[in-house]
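Trainee: Quick one: the structure is below, and I'll ask about it shortly.
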Amino acid sequence: MSVLRSKDTDTLPKLMLRNARERADEPALREKNLGIWRTYSWAQYLEETRAFALGLKALGFARGEKLTVVGDNRPRLYFAQIAAQALGGYSVPVYQDSIASELVYVLNHAEVSVVVAEDQEQVDKILSLRERLPKLRWLIYDDPRGMGAYRKHDFIRSFAEVQEAGRAADAAMFAAEAAKGSADDLAMIAYTSGTTGNPKGVMLSHRNMISVAESFAAAEGVRIGDNWLSYLPMAWVGDTTFTVGVGLVVPIVGNCPENPETVQRDLRELGPDALLAPPRIWENMLTTMQVKSGDATPLKRWVYERFRGLAERVELARSEGRPVPFMDRLGYALGTFFVYGPVRDQLGLRNARTCYTGGAPLGPDNFRFFRSFGVNLKQVYGATEASALIAVQPDAEANPNTVGRTLPGVAVRVAEGGEVQVSGDNIFKGYFKQDDVTRDTLTDDGWLRTGDAGFVDKQGHVVIIDRAKDVGKLADGTPFAPQFVENKLKFSPFIREVVAFGDQRPFVAAMIAIDISTVGNWAEKRGLAYTSFMDLSRKPEVARLAIEEVAKANRGLPDAARVRRLLLLNKELDADDAEMTRTRKVRRRFVAEKYAAVIDAFYGGKSSVDVTLEITFEDGRKSTITQTIAIHDVPAADASGRQAA
Amino acid sequence: MTEASVSSARGAPAAKIVLDIADVSKKFGGVTAVENVAMTVPEGRILSVIGPNGAGKTSLLNMISGFYKPDTGSIRLRGDDITSKRPSEIAALGIARTFQNIALFSGLTVLDNLMLGRHVHMKSGVLASALYWGWARKEEIAHRQRCEEIIEFLKLQDLRKQQTAALAYGLRKRVELGRALALEPKILLLDEPMGGMNQEEKEDMARFILDVNQERGVTVVLIEHDMGVVMDISDQVVVLDRGRRIGGGTPDEVQRDPRVIQAYLGTSKGAAAA
């Protein structure tokens with residue numbers, strides 16, 4: 001039964017009070033400090049939060065006021081957020097690496113009156129903006145180091161000072177204040193930065209946070225006292241959902257690493273019961289593994305490679321539902337003891353029952369590698385407007401292509417035009433002070449427009465293919481999602497960048513930039529001499545390789561979305577040539593204009609095209625070259641039978 | 001940091017003199033490294049010694065820390081003559097130093113290097129320590145605690161278990177400062193702590209030096225070539241040239257001193273031509 005049903009447990013501070021009552025001596029939160037994990041019990045969690053809350057009240061913090069925390073994950077910053085909520089205020093966490101203009105915008109837009117900063121660095125940042133923050137009344141710091149000279153500012157207080165004042169107050173006042181709250185009060189305003197314009201303040205209520213935590217815990221079998229590594233930015237709603245939401249509801253134990261550089265070591269020491277990480281972190285782990293195995297003795301390397309191959313075979317059989325041969329099963333059991341277990345241990349994943357990746361696609365090979373080593377890696381899908389979580393893959397249905405089933409109590413539908421829409425208790429209360437944007441984001445019947453294009457597959461899993469605004473249609477009316485196609489192709493190690501075309505066209509064609517390091521390596525192994533990127537990209541052998549790779553990727557694509565023609569670019573896509581943004585996103589429209597001749601050739605049935613390119617050198621000089629580049633046809637997929645399976 | 005904030009943070013009254021260096025000289029064969037240099041170091045301040053290469057800055061530091069014996073003159077610590085004391089005795093009196101050329105145990109971890117820096121404070125005997133028993137155990141834990149505080153202070157947490165040989169230059173400099181701090185010195189002698197560092201590393205190091213000074217009340221004697229840093233963080237500056245003291249005072253006074261300008265920039269005519 002939901003804790004939301006009871007008036008005594010329908011807000012986050014009330015849940016904290018419940019935990020302190022029922023589990024006073026059990027661990028609630030840990031932080032690594034001076035090389036040692038230090039534990040706060042629920043009784044201490046309450047005591048720290050209460051002292052800060054009452055101190056905050058003494059400073060005049062009233063219901064409806066906003067408190068910002070800024071810094072790395074620290075117990076005191078969590079206490080401060082719950083304290084503000086207990087007093088009927090909202091927390092507005094901001095990113096610790098925000099630049100000044102972002103901070104000014106968010107703090108002013110949210111009308112923040114109290115900032116709790118982790119350390120001197122953050123205090124300095126706020127102080128330098130003091131004149132531009134008219135609503136700010138108090139600046140409170142956690143770490144006293146280097147703060148001696150700041151005492152002359154009368155609006156600065158240390159966390160300990162505020163708590164001291166709070167301890168002098170009547171302790172019963174805290175529970176009385178917390179009791180005034182109810183499920184539909186706001187808990188936090190999470191600012192999200194869009195690709196355009198200013199950040200928007202996503203208003204989330206206690207009901208949002210608690211319901212999503214309950215749904216997730218139920219779907220994933222989260223156990224009381226599970227350890228969670230609280231290392232993702234506090235300003236990202238996901239951290240609040242897990243460390244605070246699931247943390248208070250189940251409850252589980254949040255563990256704050258020593259500092260951002262020690263996360264990998266702290267992860268290994270802790271061995272959490274679950275881990276959520278973006279694809280970048282999983283990829284880094286994999287690279288580290290490969291480097292380490294490369295440095296090992298030949299015998300160890302041989303063993304590792306043998307068992308890696310075996311694990312891959314077993315995982316592939318399992319994911320395709322084929323039976324695993326007896327000898328392979330035996331070998332796998334052996335491998336678990338000698339290789340897979342120790343590797344998981346090295347990565348800090350030995351105890352992790354579940355691991356999650358989300359936010360961006362993780363290559364299927366990488367995904368399978370972790371699964372084959374016994375890491376229960378699964379995809380999750382969510383949005384800030386949906387309290388971080390919408391869907392997750394059940395243990396038995398993990399795969400690299402979908403984002404899983406919706407959480408209990410959450411519903412998904414696909415609107416006309418392919419946009420995924422979501423409804424449930426996790427859907428936000430609107431954007432703070434931006435009703436017009438809220439109206440655009442919610443449908444008339446209250447469903448959230450995610451802006452993502454996707455569908456629900458036969459199994460009932462949500463599949464996300466692209467941002468809805470990029471999705472076009474092929475000439476015959478089939479929807480075409482360029483990013484979906486591009487990602488499939490980019491999973492090949494030989495392909496670095498892809499620009500796919502197809503909107504209003506009869507079929508899909510792609511311009512491909514090869515990956516010079518992997519293709520170069522491949523060429524060297526075959527004794528293929530080359531001088532430059534341009535030279536390498538023009539080799540017929542490389543063209544054959546690319547065609548093979550694309551044909552392989554085609555097998556994972558629906559028939560209409562398969563790439564029929566391709567061209568290997570004779571230069572890399574480059575931000576200096578304005579073909580990409582600095583964050584390496586293809587500037588689709590610009591590229592389409594620049595390479596108009598290529599597109600004409602693709603669809604005009606030509607077998608080659610003259611490309612004139614203006615190249616900007618690093619010193620700013622420009623020059624032009626004209627080259628004839630071959631266009632290749634990709635043979636129709638021979639493995640259409642596999643597609644159905 | 002601006003001059004105004006320095007003086008306001010420190011208050012006006014003159015500080016007690018902790019180190020009194022009176023007319024010391026040091027000759028190596030026919031070369032006079034330091035000639036009749038006198039200076040006083042006020043307690044709790046940052047005093048920088050500057051000067052061109054070969055001005056005698058490091059020799060002066062070596063005399064304070066007991067590595068060289070002055071040929072003439074005396075060095076007093078709070079009135080007590082320490083001129084002829086051995087380096088280990090001087091370290092035990094609370095004067096720690098870092099070296100221009102990093103001097104760490106490169107095969108040991110960062111933590112072990114710091115723990116070694118605490119040896120002057122360790123009282124347990126070999127047997128008790130080896131058995132890790134009773135008082136020795138308590139003592140070890142207390143020392144580890146102090147080292148962990150330094151690790152946190154210098155933001156070395158992620159490198160705690162790394163061998164120092166594998167660290168980048170700027171980080172090794174930081175570990176060296178940590179090792180000196182592990183001694184819990186009253187006076188810290190820093191020989192070019194920012195040599196070979198990039199701008200960001202320099203800023204970090206300047207921040208650490210200021211924090212050591214302001215929060216731990218450690219008196220700092222600093223040799224440094226980066227004039228920007230020296231003028232920013234020093235309370236007083238002493239200028240040496242060819243073994244002699246040619247000037248001294250607050251950073252402002254020193255920057256206006258024509259003798260100093262001449263030593264650094266050549267003659268004022270030359271400077272104008274350049």
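The chains in the structure tokens are called A, B, ... from first to last as shown; in each chain the residues are counted from 1, and the ligands are counted from 1 in the order shown.
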Do you know which residues are at most 9 Å from B:Glu148 counting only C-alpha atoms, after dropping those on the same chain fewer than 2 positions away, and could you put them as an NGL selection string?
Mentor: (:A and (33-35)) or (:B and (111 or 143-146 or 150-153 or 157 or 160))
Trainee: Write out as a PyMOL selection string the residues lying within 6 Å of A:Val92, counting only C-alpha atoms and excluding same-chain residues fewer than 3 positions away.
Mentor: chain A and resi 67-68+188-189
Trainee: Pick out the chain B residues within 12 Å of chain A. Count only C-alpha atoms. Give them as an MDAnalysis selection string.
Mentor: chainID B and resid 1 5:11 111 141 144:162 204 207:217
Trainee: Tell me, as a PyMOL selection string, which residues lie within 6 Å of stretch 227-243 of chain B, counting only C-alpha atoms; anything in the same chain fewer than 2 positions away does not count.
Mentor: chain B and resi 1+33-35+46-51+55-56+225+245-251
Trainee: Write the selection just made, keeping all heavy atoms, as a short mmCIF file (atom, residue, chain, number, x, y, z; two decimals), in the first residue's frame?
Mentor:
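To be explicit, this is the file written out as part27.cif:
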```
data_model
loop_
_atom_site.label_atom_id
_atom_site.label_comp_id
_atom_site.auth_asym_id
_atom_site.auth_seq_id
_atom_site.Cartn_x
_atom_site.Cartn_y
_atom_site.Cartn_z
N MET B 1 44.65 38.35 -4.22
CA MET B 1 44.13 39.06 -3.03
C MET B 1 44.67 40.48 -3.02
O MET B 1 45.84 40.73 -3.28
CB MET B 1 44.54 38.30 -1.78
CG MET B 1 44.13 39.00 -0.52
SD MET B 1 44.35 37.96 0.93
CE MET B 1 42.95 36.91 0.83
N ALA B 33 78.18 33.16 -1.26
CA ALA B 33 76.79 32.91 -1.61
C ALA B 33 75.87 33.90 -0.90
O ALA B 33 74.93 34.43 -1.50
CB ALA B 33 76.41 31.48 -1.25
N VAL B 34 76.17 34.12 0.38
CA VAL B 34 75.35 35.03 1.18
C VAL B 34 76.29 35.91 1.97
O VAL B 34 77.26 35.44 2.57
CB VAL B 34 74.45 34.24 2.16
CG1 VAL B 34 73.65 35.20 3.03
CG2 VAL B 34 73.51 33.30 1.39
N GLU B 35 76.03 37.21 1.92
CA GLU B 35 76.96 38.12 2.59
C GLU B 35 76.20 39.07 3.50
O GLU B 35 75.42 39.90 3.05
CB GLU B 35 77.73 38.92 1.51
CG GLU B 35 78.90 39.67 2.07
CD GLU B 35 79.65 40.41 0.97
OE1 GLU B 35 79.37 40.15 -0.22
OE2 GLU B 35 80.50 41.25 1.30
N ILE B 46 53.41 35.87 5.89
CA ILE B 46 54.08 35.25 4.74
C ILE B 46 55.17 36.21 4.29
O ILE B 46 54.89 37.35 3.91
CB ILE B 46 53.10 35.00 3.58
CG1 ILE B 46 51.99 34.05 4.02
CG2 ILE B 46 53.83 34.46 2.36
CD1 ILE B 46 50.95 33.76 2.96
N LEU B 47 56.42 35.74 4.38
CA LEU B 47 57.55 36.56 3.96
C LEU B 47 58.19 35.90 2.75
O LEU B 47 58.49 34.71 2.77
CB LEU B 47 58.56 36.68 5.10
CG LEU B 47 59.82 37.50 4.80
CD1 LEU B 47 60.20 38.33 6.01
CD2 LEU B 47 60.97 36.61 4.39
N SER B 48 58.35 36.68 1.69
CA SER B 48 58.96 36.11 0.49
C SER B 48 60.37 36.63 0.32
O SER B 48 60.66 37.80 0.61
CB SER B 48 58.15 36.48 -0.75
OG SER B 48 56.91 35.83 -0.71
N VAL B 49 61.24 35.76 -0.14
CA VAL B 49 62.60 36.16 -0.48
C VAL B 49 62.71 36.06 -1.99
O VAL B 49 62.48 35.00 -2.56
CB VAL B 49 63.64 35.22 0.19
CG1 VAL B 49 65.05 35.66 -0.17
CG2 VAL B 49 63.43 35.19 1.69
N ILE B 50 63.02 37.20 -2.63
CA ILE B 50 63.13 37.18 -4.08
C ILE B 50 64.51 37.65 -4.50
O ILE B 50 65.27 38.19 -3.68
CB ILE B 50 62.05 38.06 -4.77
CG1 ILE B 50 62.20 39.52 -4.37
CG2 ILE B 50 60.66 37.56 -4.41
CD1 ILE B 50 61.32 40.46 -5.18
N GLY B 51 64.81 37.44 -5.74
CA GLY B 51 66.10 37.86 -6.26
C GLY B 51 66.43 37.05 -7.49
O GLY B 51 65.87 35.98 -7.69
N ALA B 55 71.21 34.59 -6.36
CA ALA B 55 71.22 35.69 -5.39
C ALA B 55 71.46 35.19 -3.98
O ALA B 55 71.73 35.96 -3.08
CB ALA B 55 69.88 36.43 -5.45
N GLY B 56 71.35 33.88 -3.76
CA GLY B 56 71.63 33.34 -2.42
C GLY B 56 70.38 32.96 -1.65
O GLY B 56 70.43 32.70 -0.45
N HIS B 225 59.79 32.70 -7.89
CA HIS B 225 60.16 33.56 -9.01
C HIS B 225 58.96 34.27 -9.61
O HIS B 225 59.11 35.29 -10.27
CB HIS B 225 60.86 32.74 -10.10
CG HIS B 225 62.31 32.56 -9.83
ND1 HIS B 225 63.17 33.63 -9.71
CD2 HIS B 225 63.06 31.46 -9.63
CE1 HIS B 225 64.39 33.20 -9.47
NE2 HIS B 225 64.35 31.86 -9.40
N ARG B 245 71.49 41.69 0.72
CA ARG B 245 70.14 42.19 0.80
C ARG B 245 70.11 43.58 0.21
O ARG B 245 70.84 44.47 0.65
CB ARG B 245 69.70 42.23 2.26
CG ARG B 245 68.32 42.84 2.42
CD ARG B 245 67.86 42.79 3.86
NE ARG B 245 66.65 43.63 3.98
CZ ARG B 245 65.66 43.35 4.78
NH1 ARG B 245 65.71 42.31 5.57
NH2 ARG B 245 64.62 44.14 4.81
N ILE B 246 69.30 43.80 -0.81
CA ILE B 246 69.27 45.13 -1.44
C ILE B 246 67.96 45.85 -1.20
O ILE B 246 67.79 47.00 -1.61
CB ILE B 246 69.53 45.05 -2.97
CG1 ILE B 246 68.46 44.17 -3.63
CG2 ILE B 246 70.92 44.55 -3.25
CD1 ILE B 246 68.42 44.34 -5.12
N GLY B 247 67.03 45.20 -0.54
CA GLY B 247 65.79 45.92 -0.27
C GLY B 247 64.84 45.05 0.51
O GLY B 247 65.11 43.87 0.77
N GLY B 248 63.72 45.64 0.89
CA GLY B 248 62.73 44.87 1.64
C GLY B 248 61.60 45.77 2.07
O GLY B 248 61.72 46.99 2.04
N GLY B 249 60.48 45.15 2.42
CA GLY B 249 59.32 45.90 2.86
C GLY B 249 58.05 45.23 2.41
O GLY B 249 58.05 44.04 2.10
N THR B 250 56.97 46.02 2.36
CA THR B 250 55.72 45.46 1.87
C THR B 250 55.84 45.28 0.36
O THR B 250 56.71 45.91 -0.26
CB THR B 250 54.55 46.39 2.18
OG1 THR B 250 54.76 47.60 1.43
CG2 THR B 250 54.45 46.71 3.66
N PRO B 251 55.00 44.45 -0.24
CA PRO B 251 55.08 44.26 -1.69
C PRO B 251 55.04 45.59 -2.44
O PRO B 251 55.80 45.79 -3.40
CB PRO B 251 53.84 43.42 -2.00
CG PRO B 251 53.60 42.64 -0.75
CD PRO B 251 54.01 43.54 0.38
#
```
Trainee: Stretch 411-455 of chain A: which residues are helix (DSSP H, G or I) by DSSP, as a list in words?
Mentor: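 After running DSSP on the backbone, stretch 411-455 of chain A has helix (DSSP H, G or I) at Asp435, Asp436, Val437, Thr438, Arg439, Asp440 and Thr441 of chain A.
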Trainee: Choose the residue, out of B:Gln262, B:Thr219, B:Thr98, B:Ser106, that has the smallest atom-to-atom separation from B:Val41; count only C-alpha atoms.
Mentor: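 Of B:Gln262, B:Thr219, B:Thr98, B:Ser106, the one nearest B:Val41 is B:Thr219, counting only C-alpha atoms.
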Trainee: Could you list, as a VMD selection string, every residue within 10 Å of A:Ala176, counting only C-alpha atoms and ignoring same-chain residues fewer than 5 positions away?
Mentor: chain A and resid 86 to 87 171 181
Trainee: Selected residues, N, CA, C and O atoms, written as a compact mmCIF listing (two decimals), in the first residue's frame, please.
Mentor:
```
# COMPACT_ATOMS: atom_id res chain seq x y z
N ALA A 86 10.57 20.56 5.07
CA ALA A 86 9.84 20.40 6.33
C ALA A 86 9.20 21.72 6.73
O ALA A 86 8.14 21.75 7.35
N LEU A 87 9.84 22.84 6.38
CA LEU A 87 9.31 24.15 6.72
C LEU A 87 8.33 24.64 5.66
O LEU A 87 7.93 25.80 5.66
N ALA A 171 12.44 21.59 20.04
CA ALA A 171 12.56 20.51 19.05
C ALA A 171 11.21 20.06 18.50
O ALA A 171 11.12 19.66 17.35
N GLY A 181 2.64 19.94 6.10
CA GLY A 181 2.80 19.67 4.67
C GLY A 181 1.85 18.59 4.20
O GLY A 181 1.34 17.80 4.98
```
Trainee: For the atom pair atom CA of A:Asp142 and atom CA of B:Val218, what is the interatomic distance in Å to one decimal place?
Mentor: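 For atom CA of A:Asp142 relative to atom CA of B:Val218, the distance reads 23.9 Å.
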Trainee: Excluding B:Asn36 and residues on its chain fewer than 5 positions from it, collect all residues at most 9 Å away from it, counting only C-alpha atoms, and give them as a count of residues only.
Mentor: 10
Trainee: Quick one, how far is atom CA of A:Met234 from atom CA of A:Pro93?
Mentor: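 Going from atom CA of A:Met234 over to atom CA of A:Pro93, I get 6.4 Å.
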